[in-house]
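Chemist: Below you will find the structure I want to go over with you.
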Amino acid sequence: MNVAALKAYRIAEVVQQYSERDCILYALGIGLGNDPADGRHLQFLFEQNLQVLPTYAAVMGYPGFWQKDPEAGLDWRKILHGGIDIRWHAPLPPAGKVVGKSRVSRVVDKGLARGALVTTERSITDFDTGVLLATVDSTTLCRGDGGFDGGDVDVLSFAHQRDGVPHAFFDFKTSPRAALIYRLSGDFNPLHADPSAAKLAGFDRPILHGLCSFGVAGAAILQTCCSWEGHRLKRLALRFSAPVYPGETIRTEMWISGATIAFRSLVLERGVEVLANGIAELIQ
């Protein structure tokens, strides 16, 4: 890997016009609406007085699968999402036009056999007003690109204090079709749809998008700690520690300390931790 060239790689700026339909499709991809009798989900699924799931910021101004470009110099077939950290600066409108500006901000060598971590920083601003809506730091695990000279310090090794048993937990059953719906929000990596691509990457079948699991954890925190008031979520960050298969149940365990929540998520069917080092910060 050429670290200097990767950091200098120009990721195309994205101008995105989005509608209420896009916000609803995103919420459906996360899995809201599984219980038609749960009216709390309806505020994110019905155009009347529509609210936007704050984790929709993860796909706003998304630059696409730029890692597949040969000029990026990465083995895209062995890429997985490593982590994400979103900070919200203003509420997300249910429709509008935004500008996504992305750059490679950090490259970490984990070793020849362990791969590399590449972090992309993305600012999302309102096209008309210039108001900064959110900042997204997204880290990719490049399993085939470790073992190089140079690089930055690993910032994903932090851990958050979790004392004793969790204060709360929330179980979310994903749909077997979750990845096929979620990909319509912009991430068309064949790893999540094509069985042959999944097998080439070392999986038995297509896996769920990490950002879909991220949205599930966000929904768990909104229900448990925010009474589904999305504007109260200030920050949400985590590390992706293992893949989720569509149809599995994600349990999010939470340790609550005022406006700060440490959390992790497990897949109940396999007893595997899939989201680690989670931290959420709320506006009280």
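Chain lettering (A, B, ...) mirrors the order of the structure tokens, residue numbering begins at 1 for each chain separately, and ligand numbering begins at 1 in order of display.
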Would you list the contacts of A:Gln284 as a tab-separated table (two decimals) with N, CA and C atoms, in the first residue's frame, taking every protein, DNA or RNA residue within 9 Å and counting only C-alpha atoms, but skipping same-chain residues closer than 3 positions in sequence?
Modeler:
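Here's the written file around.tsv:
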```tsv
chain	number	residue	atom	x	y	z
A	232	ARG	N	-32.42	13.87	19.95
A	232	ARG	CA	-31.62	13.84	21.18
A	232	ARG	C	-30.30	13.11	21.00
A	258	GLY	N	-26.12	8.76	32.83
A	258	GLY	CA	-26.59	10.09	32.45
A	258	GLY	C	-26.81	10.17	30.95
A	259	ALA	N	-26.12	11.11	30.31
A	259	ALA	CA	-26.28	11.32	28.87
A	259	ALA	C	-25.30	10.50	28.04
```
Chemist: Report the residues of stretch 110-218 of chain A whose backbone DSSP state falls under helix (DSSP H, G or I), written as a list of chain:residue names.
Modeler: A:Ala178, A:Ala179, A:Leu180, A:Ile181, A:Tyr182, A:Arg183, A:Leu184, A:Ser185, A:Pro190, A:Leu191, A:His192, A:Pro195, A:Ser196, A:Ala197, A:Ala198, A:Lys199, A:Leu200, A:Gly210, A:Leu211, A:Cys212, A:Ser213, A:Phe214, A:Gly215, A:Val216, A:Ala217, A:Gly218
Chemist: Keeping C-alpha atoms for every residue in the selection just given, could you write it to a file as a CSV table (one decimal), in the first residue's frame?
Modeler:
```
chain,number,residue,atom,x,y,z
A,178,ALA,CA,-32.7,-7.0,5.2
A,179,ALA,CA,-29.5,-6.7,3.1
A,180,LEU,CA,-31.5,-6.6,-0.2
A,181,ILE,CA,-33.6,-3.8,1.1
A,182,TYR,CA,-30.9,-1.8,2.8
A,183,ARG,CA,-28.6,-1.8,-0.3
A,184,LEU,CA,-31.2,0.4,-2.0
A,185,SER,CA,-30.0,3.2,0.3
A,190,PRO,CA,-22.1,-7.4,-4.1
A,191,LEU,CA,-20.9,-9.0,-0.9
A,192,HIS,CA,-24.3,-8.2,0.6
A,195,PRO,CA,-23.8,-15.5,-2.9
A,196,SER,CA,-20.8,-16.1,-5.2
A,197,ALA,CA,-19.2,-12.7,-4.1
A,198,ALA,CA,-19.8,-13.6,-0.5
A,199,LYS,CA,-18.1,-17.0,-0.9
A,200,LEU,CA,-15.2,-15.4,-2.7
A,210,GLY,CA,-22.4,-3.1,8.9
A,211,LEU,CA,-24.2,0.2,8.6
A,212,CYS,CA,-27.5,-1.7,8.8
A,213,SER,CA,-26.4,-3.3,12.1
A,214,PHE,CA,-25.3,0.2,13.2
A,215,GLY,CA,-28.8,1.5,12.4
A,216,VAL,CA,-30.3,-1.4,14.5
A,217,ALA,CA,-28.1,-0.4,17.5
A,218,GLY,CA,-29.2,3.3,17.0
```
Chemist: Could you pull out the strand (DSSP E or B) residues of stretch 73-113 of chain A from DSSP and send them as a list in words?
Modeler: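 For stretch 73-113 of chain A, the strand (DSSP E or B) set is Ile79, Leu80, His81, Gly82, Gly83, Ile84, Asp85, Ile86, Arg87, Trp88, Gly96, Lys97, Val98, Val99, Gly100, Lys101, Ser102, Arg103, Val104, Ser105, Arg106, Val107, Val108, Asp109, Lys110 and Gly111 of chain A.
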Chemist: Report as an mmCIF file with C-alpha atoms, in the first residue's frame all protein, DNA and RNA residues lying within 6 Å of A:Gly83, evaluated on only C-alpha atoms, omitting residues in the same chain fewer than 4 positions from it.
Modeler:
```
data_model
loop_
_atom_site.group_PDB
_atom_site.id
_atom_site.type_symbol
_atom_site.label_atom_id
_atom_site.label_comp_id
_atom_site.auth_asym_id
_atom_site.auth_seq_id
_atom_site.Cartn_x
_atom_site.Cartn_y
_atom_site.Cartn_z
ATOM 1 C CA SER A 138 -16.006 5.692 8.594
ATOM 2 C CA THR A 139 -13.250 3.102 8.996
ATOM 3 C CA LEU A 238 -18.775 1.741 17.448
ATOM 4 C CA ARG A 239 -16.476 -0.903 16.026
ATOM 5 C CA PHE A 240 -17.718 -3.720 13.812
#
```
Chemist: Contacts of A:Leu236 at 9 Å or less, counting only C-alpha atoms, minus same-chain residues fewer than 6 places along, as a list of chain:residue names?
Modeler: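 The filter keeps A:Thr55, A:Ile84, A:Asp85, A:Ile86, A:Arg87, A:Trp88, A:Phe214, A:Gly218, A:Gly278, A:Ile279, A:Ala280, A:Glu281.
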Chemist: Could those residues be written to a file, using C-alpha atoms, as a PDB file, in the first residue's frame?
Modeler:
```pdb
ATOM      1  CA  THR A  55     -28.554   7.207  11.542  1.00  0.00           C
ATOM      2  CA  ILE A  84     -18.113   4.334  12.320  1.00  0.00           C
ATOM      3  CA  ASP A  85     -18.396   7.507  14.386  1.00  0.00           C
ATOM      4  CA  ILE A  86     -21.186  10.001  13.627  1.00  0.00           C
ATOM      5  CA  ARG A  87     -21.645  13.384  15.303  1.00  0.00           C
ATOM      6  CA  TRP A  88     -24.829  15.329  14.622  1.00  0.00           C
ATOM      7  CA  PHE A 214     -25.334   0.218  13.170  1.00  0.00           C
ATOM      8  CA  GLY A 218     -29.204   3.255  17.005  1.00  0.00           C
ATOM      9  CA  GLY A 278     -20.100   1.346  21.346  1.00  0.00           C
ATOM     10  CA  ILE A 279     -20.628   4.847  22.749  1.00  0.00           C
ATOM     11  CA  ALA A 280     -23.681   7.072  22.443  1.00  0.00           C
ATOM     12  CA  GLU A 281     -23.989  10.650  23.645  1.00  0.00           C
TER      13      GLU A 281
END
```
Chemist: Report, in Å with one decimal, the straight-line distance from atom CA of A:Lys234 to atom CA of A:Leu222.
Modeler: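 Pair atom CA of A:Lys234 / atom CA of A:Leu222 returns 11.4 Å.
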Chemist: Between atom CA of A:Ser227 and atom CA of A:Thr174, what is the distance in Å, rounded to a tenth?
Modeler: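 According to the coordinates, atom CA of A:Ser227 and atom CA of A:Thr174 are separated by 21.0 Å.
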Chemist: May I have the residues within 9 Å of A:Thr120 as a list of chain:residue names, using only C-alpha atoms and disregarding those fewer than 2 positions away in the same chain?
Modeler: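 With the cut-off at 9 Å, the set is A:Ser102, A:Arg103, A:Val104, A:Ser105, A:Arg106, A:Val118, A:Arg122, A:Val136, A:Asp137, A:Ser138, A:Thr139, A:Thr140.
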